[in-house]
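Peer 1: To be precise about what I am sending: the file is called final_23.cif and holds mmCIF, C-alpha atoms, pLDDT in the B column; chains and numbers go by the auth columns.
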```
data_my_file
loop_
_atom_site.group_PDB
_atom_site.id
_atom_site.type_symbol
_atom_site.label_atom_id
_atom_site.label_comp_id
_atom_site.label_asym_id
_atom_site.label_seq_id
_atom_site.Cartn_x
_atom_site.Cartn_y
_atom_site.Cartn_z
_atom_site.B_iso_or_equiv
_atom_site.auth_seq_id
_atom_site.auth_asym_id
ATOM 1 C CA MET A 1 17.276 10.912 83.899 60.00 97 Q
ATOM 2 C CA ASP A 2 20.196 10.393 86.232 87.00 98 Q
ATOM 3 C CA TYR A 3 22.125 13.524 85.281 95.00 99 Q
ATOM 4 C CA PRO A 4 21.889 16.825 87.114 97.00 100 Q
ATOM 5 C CA ILE A 5 20.238 19.545 85.019 98.00 101 Q
ATOM 6 C CA LEU A 6 21.979 22.502 83.421 98.00 102 Q
ATOM 7 C CA PHE A 7 19.373 25.034 82.331 98.00 103 Q
ATOM 8 C CA ASP A 8 19.692 26.591 78.927 98.00 104 Q
ATOM 9 C CA THR A 9 19.046 30.312 79.371 97.00 105 Q
ATOM 10 C CA HIS A 10 15.514 30.293 77.954 95.00 106 Q
ATOM 11 C CA ALA A 11 14.569 27.217 79.982 96.00 107 Q
ATOM 12 C CA TRP A 12 15.552 28.914 83.236 96.00 108 Q
ATOM 13 C CA LEU A 13 13.708 32.095 82.276 95.00 109 Q
ATOM 14 C CA TRP A 14 10.593 30.076 81.467 92.00 110 Q
ATOM 15 C CA THR A 15 10.903 28.202 84.763 92.00 111 Q
ATOM 16 C CA MET A 16 11.159 31.466 86.670 92.00 112 Q
ATOM 17 C CA ALA A 17 8.137 32.828 84.789 87.00 113 Q
ATOM 18 C CA GLY A 18 6.106 29.779 85.827 82.00 114 Q
ATOM 19 C CA GLU A 19 5.589 28.633 82.255 72.00 115 Q
ATOM 20 C CA LYS A 20 2.786 26.151 81.898 72.00 116 Q
ATOM 21 C CA GLN A 21 4.126 24.739 78.624 75.00 117 Q
ATOM 22 C CA PHE A 22 6.365 22.242 80.407 87.00 118 Q
ATOM 23 C CA SER A 23 5.051 18.708 80.620 90.00 119 Q
ATOM 24 C CA SER A 24 4.240 17.334 84.045 91.00 120 Q
ATOM 25 C CA LYS A 25 7.212 14.991 83.578 92.00 121 Q
ATOM 26 C CA ILE A 26 9.596 17.960 83.161 92.00 122 Q
ATOM 27 C CA ILE A 27 8.010 19.869 86.042 92.00 123 Q
ATOM 28 C CA ASN A 28 8.383 16.845 88.317 93.00 124 Q
ATOM 29 C CA LEU A 29 11.982 16.302 87.204 93.00 125 Q
ATOM 30 C CA ILE A 30 12.884 19.940 87.892 94.00 126 Q
ATOM 31 C CA GLU A 31 11.315 19.694 91.342 94.00 127 Q
ATOM 32 C CA GLU A 32 13.162 16.440 92.075 94.00 128 Q
ATOM 33 C CA LYS A 33 16.470 17.987 91.020 95.00 129 Q
ATOM 34 C CA ARG A 34 15.686 21.134 93.033 94.00 130 Q
ATOM 35 C CA GLN A 35 15.229 19.033 96.173 94.00 131 Q
ATOM 36 C CA ASN A 36 18.514 17.232 95.461 93.00 132 Q
ATOM 37 C CA ASN A 37 20.425 20.471 94.792 94.00 133 Q
ATOM 38 C CA SER A 38 21.038 19.249 91.242 96.00 134 Q
ATOM 39 C CA LEU A 39 20.011 22.317 89.213 97.00 135 Q
ATOM 40 C CA TYR A 40 22.735 24.359 87.553 98.00 136 Q
ATOM 41 C CA LEU A 41 23.080 27.498 85.473 98.00 137 Q
ATOM 42 C CA SER A 42 26.100 28.650 83.516 98.00 138 Q
ATOM 43 C CA ASP A 43 27.407 32.145 84.271 96.00 139 Q
ATOM 44 C CA ILE A 44 26.966 32.936 80.581 97.00 140 Q
ATOM 45 C CA SER A 45 23.192 32.598 81.059 98.00 141 Q
ATOM 46 C CA LEU A 46 23.293 35.388 83.630 97.00 142 Q
ATOM 47 C CA TRP A 47 25.055 37.576 81.092 97.00 143 Q
ATOM 48 C CA GLU A 48 22.545 36.630 78.378 97.00 144 Q
ATOM 49 C CA ILE A 49 19.641 37.613 80.630 98.00 145 Q
ATOM 50 C CA CYS A 50 21.278 40.963 81.373 98.00 146 Q
ATOM 51 C CA MET A 51 21.729 41.595 77.660 97.00 147 Q
ATOM 52 C CA LEU A 52 18.144 40.573 76.829 97.00 148 Q
ATOM 53 C CA ALA A 53 16.818 42.908 79.525 97.00 149 Q
ATOM 54 C CA LYS A 54 19.093 45.764 78.423 97.00 150 Q
ATOM 55 C CA LYS A 55 17.883 45.403 74.815 97.00 151 Q
ATOM 56 C CA GLY A 56 14.245 45.294 75.948 96.00 152 Q
ATOM 57 C CA ARG A 57 13.709 41.764 74.627 96.00 153 Q
ATOM 58 C CA ILE A 58 12.534 40.552 78.050 95.00 154 Q
ATOM 59 C CA THR A 59 10.826 42.274 80.966 94.00 155 Q
ATOM 60 C CA LEU A 60 11.745 41.066 84.424 94.00 156 Q
ATOM 61 C CA GLY A 61 9.387 43.193 86.515 91.00 157 Q
ATOM 62 C CA GLN A 62 12.203 44.709 88.562 94.00 158 Q
ATOM 63 C CA PRO A 63 15.767 45.904 87.946 97.00 159 Q
ATOM 64 C CA THR A 64 17.944 43.170 86.466 97.00 160 Q
ATOM 65 C CA LEU A 65 20.505 42.705 89.243 97.00 161 Q
ATOM 66 C CA PRO A 66 17.978 42.258 92.078 97.00 162 Q
ATOM 67 C CA TRP A 67 15.932 39.989 89.814 97.00 163 Q
ATOM 68 C CA LEU A 68 18.962 37.776 89.127 97.00 164 Q
ATOM 69 C CA LYS A 69 19.916 37.510 92.789 96.00 165 Q
ATOM 70 C CA ASN A 70 16.359 36.697 93.832 96.00 166 Q
ATOM 71 C CA ALA A 71 15.824 34.229 90.980 96.00 167 Q
ATOM 72 C CA ILE A 72 19.009 32.315 91.821 95.00 168 Q
ATOM 73 C CA LYS A 73 17.972 32.088 95.457 94.00 169 Q
ATOM 74 C CA CYS A 74 14.323 31.167 94.764 92.00 170 Q
ATOM 75 C CA SER A 75 15.083 28.562 92.112 91.00 171 Q
ATOM 76 C CA ASN A 76 17.784 26.837 94.159 93.00 172 Q
ATOM 77 C CA VAL A 77 19.955 26.880 91.052 96.00 173 Q
ATOM 78 C CA ARG A 78 23.719 26.665 91.453 97.00 174 Q
ATOM 79 C CA PRO A 79 25.691 28.964 89.138 97.00 175 Q
ATOM 80 C CA ILE A 80 28.681 27.408 87.412 98.00 176 Q
ATOM 81 C CA HIS A 81 31.564 29.788 86.934 97.00 177 Q
ATOM 82 C CA LEU A 82 33.585 29.949 83.756 97.00 178 Q
ATOM 83 C CA THR A 83 36.825 28.042 84.209 98.00 179 Q
ATOM 84 C CA PRO A 84 39.861 27.721 81.941 98.00 180 Q
ATOM 85 C CA GLU A 85 38.748 24.151 81.203 98.00 181 Q
ATOM 86 C CA ILE A 86 35.247 25.230 80.142 98.00 182 Q
ATOM 87 C CA ALA A 87 36.651 28.062 78.021 98.00 183 Q
ATOM 88 C CA PHE A 88 39.044 25.669 76.303 98.00 184 Q
ATOM 89 C CA GLU A 89 36.436 22.931 75.804 97.00 185 Q
ATOM 90 C CA SER A 90 34.081 25.459 74.186 97.00 186 Q
ATOM 91 C CA THR A 91 36.649 26.004 71.438 97.00 187 Q
ATOM 92 C CA GLU A 92 37.329 22.286 70.933 96.00 188 Q
ATOM 93 C CA LEU A 93 33.822 20.792 70.750 96.00 189 Q
ATOM 94 C CA PRO A 94 33.869 17.658 68.603 95.00 190 Q
ATOM 95 C CA GLY A 95 31.824 17.428 65.451 93.00 191 Q
ATOM 96 C CA ASN A 96 30.057 20.316 63.828 90.00 192 Q
ATOM 97 C CA PHE A 97 28.539 22.689 66.375 93.00 193 Q
ATOM 98 C CA HIS A 98 27.579 26.257 65.515 91.00 194 Q
ATOM 99 C CA GLY A 99 29.585 29.290 66.600 89.00 195 Q
ATOM 100 C CA ASP A 100 27.297 30.994 69.133 94.00 196 Q
ATOM 101 C CA PRO A 101 29.625 31.622 72.104 96.00 197 Q
ATOM 102 C CA SER A 102 26.887 31.283 74.743 97.00 198 Q
ATOM 103 C CA ASP A 103 25.684 27.942 73.414 97.00 199 Q
ATOM 104 C CA ARG A 104 29.251 26.702 73.072 98.00 200 Q
ATOM 105 C CA LEU A 105 29.985 27.582 76.724 98.00 201 Q
ATOM 106 C CA ILE A 106 26.759 25.938 77.917 98.00 202 Q
ATOM 107 C CA VAL A 107 27.516 22.773 75.940 98.00 203 Q
ATOM 108 C CA ALA A 108 31.133 22.715 77.129 98.00 204 Q
ATOM 109 C CA THR A 109 29.970 23.094 80.730 98.00 205 Q
ATOM 110 C CA ALA A 110 27.535 20.203 80.387 98.00 206 Q
ATOM 111 C CA ARG A 111 30.136 17.987 78.719 98.00 207 Q
ATOM 112 C CA LEU A 112 32.832 18.589 81.323 98.00 208 Q
ATOM 113 C CA LEU A 113 30.558 18.257 84.347 98.00 209 Q
ATOM 114 C CA SER A 114 28.303 15.438 83.052 97.00 210 Q
ATOM 115 C CA LEU A 115 25.144 17.532 83.155 98.00 211 Q
ATOM 116 C CA ALA A 116 22.046 17.302 80.946 98.00 212 Q
ATOM 117 C CA ILE A 117 21.035 20.537 79.233 98.00 213 Q
ATOM 118 C CA LEU A 118 17.333 21.335 79.590 97.00 214 Q
ATOM 119 C CA THR A 119 16.539 23.121 76.336 97.00 215 Q
ATOM 120 C CA ARG A 120 14.264 23.678 73.387 95.00 216 Q
ATOM 121 C CA ASP A 121 17.179 24.788 71.183 96.00 217 Q
ATOM 122 C CA ASP A 122 17.195 22.609 68.054 96.00 218 Q
ATOM 123 C CA LYS A 123 20.947 22.974 67.521 96.00 219 Q
ATOM 124 C CA ILE A 124 21.771 21.819 71.045 97.00 220 Q
ATOM 125 C CA LEU A 125 19.228 18.981 70.837 97.00 221 Q
ATOM 126 C CA THR A 126 20.689 17.830 67.510 96.00 222 Q
ATOM 127 C CA TYR A 127 24.170 17.854 69.068 97.00 223 Q
ATOM 128 C CA GLY A 128 22.742 15.771 71.900 96.00 224 Q
ATOM 129 C CA ASN A 129 21.220 13.320 69.426 96.00 225 Q
ATOM 130 C CA GLU A 130 24.738 12.859 68.056 96.00 226 Q
ATOM 131 C CA ASN A 131 25.721 11.672 71.577 95.00 227 Q
ATOM 132 C CA ARG A 132 28.063 14.613 72.064 96.00 228 Q
ATOM 133 C CA VAL A 133 26.245 16.069 75.100 97.00 229 Q
ATOM 134 C CA HIS A 134 23.369 14.977 77.332 97.00 230 Q
ATOM 135 C CA THR A 135 20.174 16.860 76.569 97.00 231 Q
ATOM 136 C CA LEU A 136 16.621 16.943 77.822 96.00 232 Q
ATOM 137 C CA ALA A 137 14.048 18.408 75.444 95.00 233 Q
ATOM 138 C CA ILE A 138 11.384 20.700 76.816 92.00 234 Q
#
```
Using structure tokens, write down the structure from this file.

Peer 2:
Amino acid sequence: MDYPILFDTHAWLWTMAGEKQFSSKIINLIEEKRQNNSLYLSDISLWEICMLAKKGRITLGQPTLPWLKNAIKCSNVRPIHLTPEIAFESTELPGNFHGDPSDRLIVATARLLSLAILTRDDKILTYGNENRVHTLAI
């Protein structure tokens, strides 16, 4: 895959947790992209993680803010800030994509910046299969 990787929120969390469910191909690709500074994360994923922690749906092992700062540094991921263009694109996605704001912002980010979304989300993968965004299935 020639595209830089944009982590879907769950994919980045699983990477940070050292998940063993990734194939060796995916693990090697993540490491290659890490060495090339080609790993990205949408700001909305940071917000999603904060919300998941606040609701008790995930446990990070330390307070959320220090965990986020450390995880960004350790993973060599580059956060992508919300821009007017990304916000606009998220409201104008072609075809039929569901209304979840976080997913729409992640997809818009990937479309505008020519990134491949690393995900297990069926809705995003289906949208990718329609050639509307680059995706990489976990």

Peer 1: Grab the CA of Asn172 in chain Q to CA of His230 in chain Q distance for me, in Å with one decimal place.

Peer 2: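 Taking CA of Asn172 in chain Q and CA of His230 in chain Q, their separation equals 21.3 Å.
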
Peer 1: As an exercise, work out the distance from CA of Asn166 in chain Q to CA of Thr105 in chain Q in Å and give it to one decimal place.

Peer 2: 16.0 Å

Peer 1: Mind running range 171-215 of chain Q against range 130-150 of chain Q at 6 Å and telling me each contacting residue's nearest atom pair with the distance in Å (one decimal), counting all atoms listed in the file, chain and number ascending, as a tab-separated table?

Peer 2:
```
residue	atom	partner	partner_atom	distance
Q:Val173	CA	Q:Leu135	CA	4.9
Q:Arg174	CA	Q:Tyr136	CA	4.6
Q:Pro175	CA	Q:Leu137	CA	4.7
Q:Ile176	CA	Q:Ser138	CA	4.8
Q:His177	CA	Q:Asp139	CA	5.5
```

Peer 1: What's around Arg207 in chain Q at 9 Å? Count all atoms listed in the file, leave out sequence neighbours fewer than 2 positions away in its own chain, and write the answer as a list in words.

Peer 2: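 Non-adjacent residues within range: Ile182, Glu185, Ile202, Val203, Ala204, Thr205, Leu209, Ser210, Leu211, Ala212, Arg228, Val229 and His230 of chain Q.
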
Peer 1: Please, which residues in range 139-186 of chain Q fall within 12 Å of range 113-125 of chain Q when counting all atoms listed in the file, and what is the closest atom pair and distance in Å to one decimal for each, ordered by chain then residue number, as a tab-separated table?

Peer 2:
```
residue	atom	partner	partner_atom	distance
Q:Ile154	CA	Q:Ala113	CA	11.2
Q:Thr155	CA	Q:Ala113	CA	10.5
Q:Leu156	CA	Q:Ala113	CA	9.0
Q:Gly157	CA	Q:Ala113	CA	10.6
Q:Trp163	CA	Q:Ala113	CA	11.7
Q:Ala167	CA	Q:Ala113	CA	10.0
Q:Cys170	CA	Q:Ala113	CA	11.9
Q:Ser171	CA	Q:Ala113	CA	11.0
```

Peer 1: Which distance in Å separates CA of Pro197 in chain Q and CA of Lys129 in chain Q, to one decimal?

Peer 2: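 That distance, rounded to one decimal, is 26.8 Å.
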
Peer 1: Around (28.6, 20.3, 66.0) in the file's frame, which residues reach within 10 Å when counting only C-alpha atoms? Return as a PyMOL selection string?

Peer 2: chain Q and resi 189-195+200+219-220+222-224+226+228

Peer 1: Write a file of the selected residues as an mmCIF file, keeping the file's coordinate frame, keeping C-alpha atoms.

Peer 2:
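Contents of the output file again.cif:
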```
data_model
loop_
_atom_site.group_PDB
_atom_site.id
_atom_site.type_symbol
_atom_site.label_atom_id
_atom_site.label_comp_id
_atom_site.auth_asym_id
_atom_site.auth_seq_id
_atom_site.Cartn_x
_atom_site.Cartn_y
_atom_site.Cartn_z
ATOM 1 C CA LEU Q 189 33.822 20.792 70.750
ATOM 2 C CA PRO Q 190 33.869 17.658 68.603
ATOM 3 C CA GLY Q 191 31.824 17.428 65.451
ATOM 4 C CA ASN Q 192 30.057 20.316 63.828
ATOM 5 C CA PHE Q 193 28.539 22.689 66.375
ATOM 6 C CA HIS Q 194 27.579 26.257 65.515
ATOM 7 C CA GLY Q 195 29.585 29.290 66.600
ATOM 8 C CA ARG Q 200 29.251 26.702 73.072
ATOM 9 C CA LYS Q 219 20.947 22.974 67.521
ATOM 10 C CA ILE Q 220 21.771 21.819 71.045
ATOM 11 C CA THR Q 222 20.689 17.830 67.510
ATOM 12 C CA TYR Q 223 24.170 17.854 69.068
ATOM 13 C CA GLY Q 224 22.742 15.771 71.900
ATOM 14 C CA GLU Q 226 24.738 12.859 68.056
ATOM 15 C CA ARG Q 228 28.063 14.613 72.064
#
```

Peer 1: Which residue gives the smallest distance to Ile101 in chain Q among Q:Leu178, Q:Ala206, Q:Leu161, Q:Leu201, with all atoms listed in the file counted?

Peer 2: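 When distances to Ile101 in chain Q are compared using all atoms listed in the file, the smallest one comes from Q:Ala206.
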
Peer 1: For Trp110 in chain Q, which residue out of Q:Thr215, Q:Ile168, Q:Leu208, Q:Pro180 is the nearest one, using all atoms listed in the file?

Peer 2: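 When distances to Trp110 in chain Q are compared using all atoms listed in the file, the smallest one comes from Q:Thr215.
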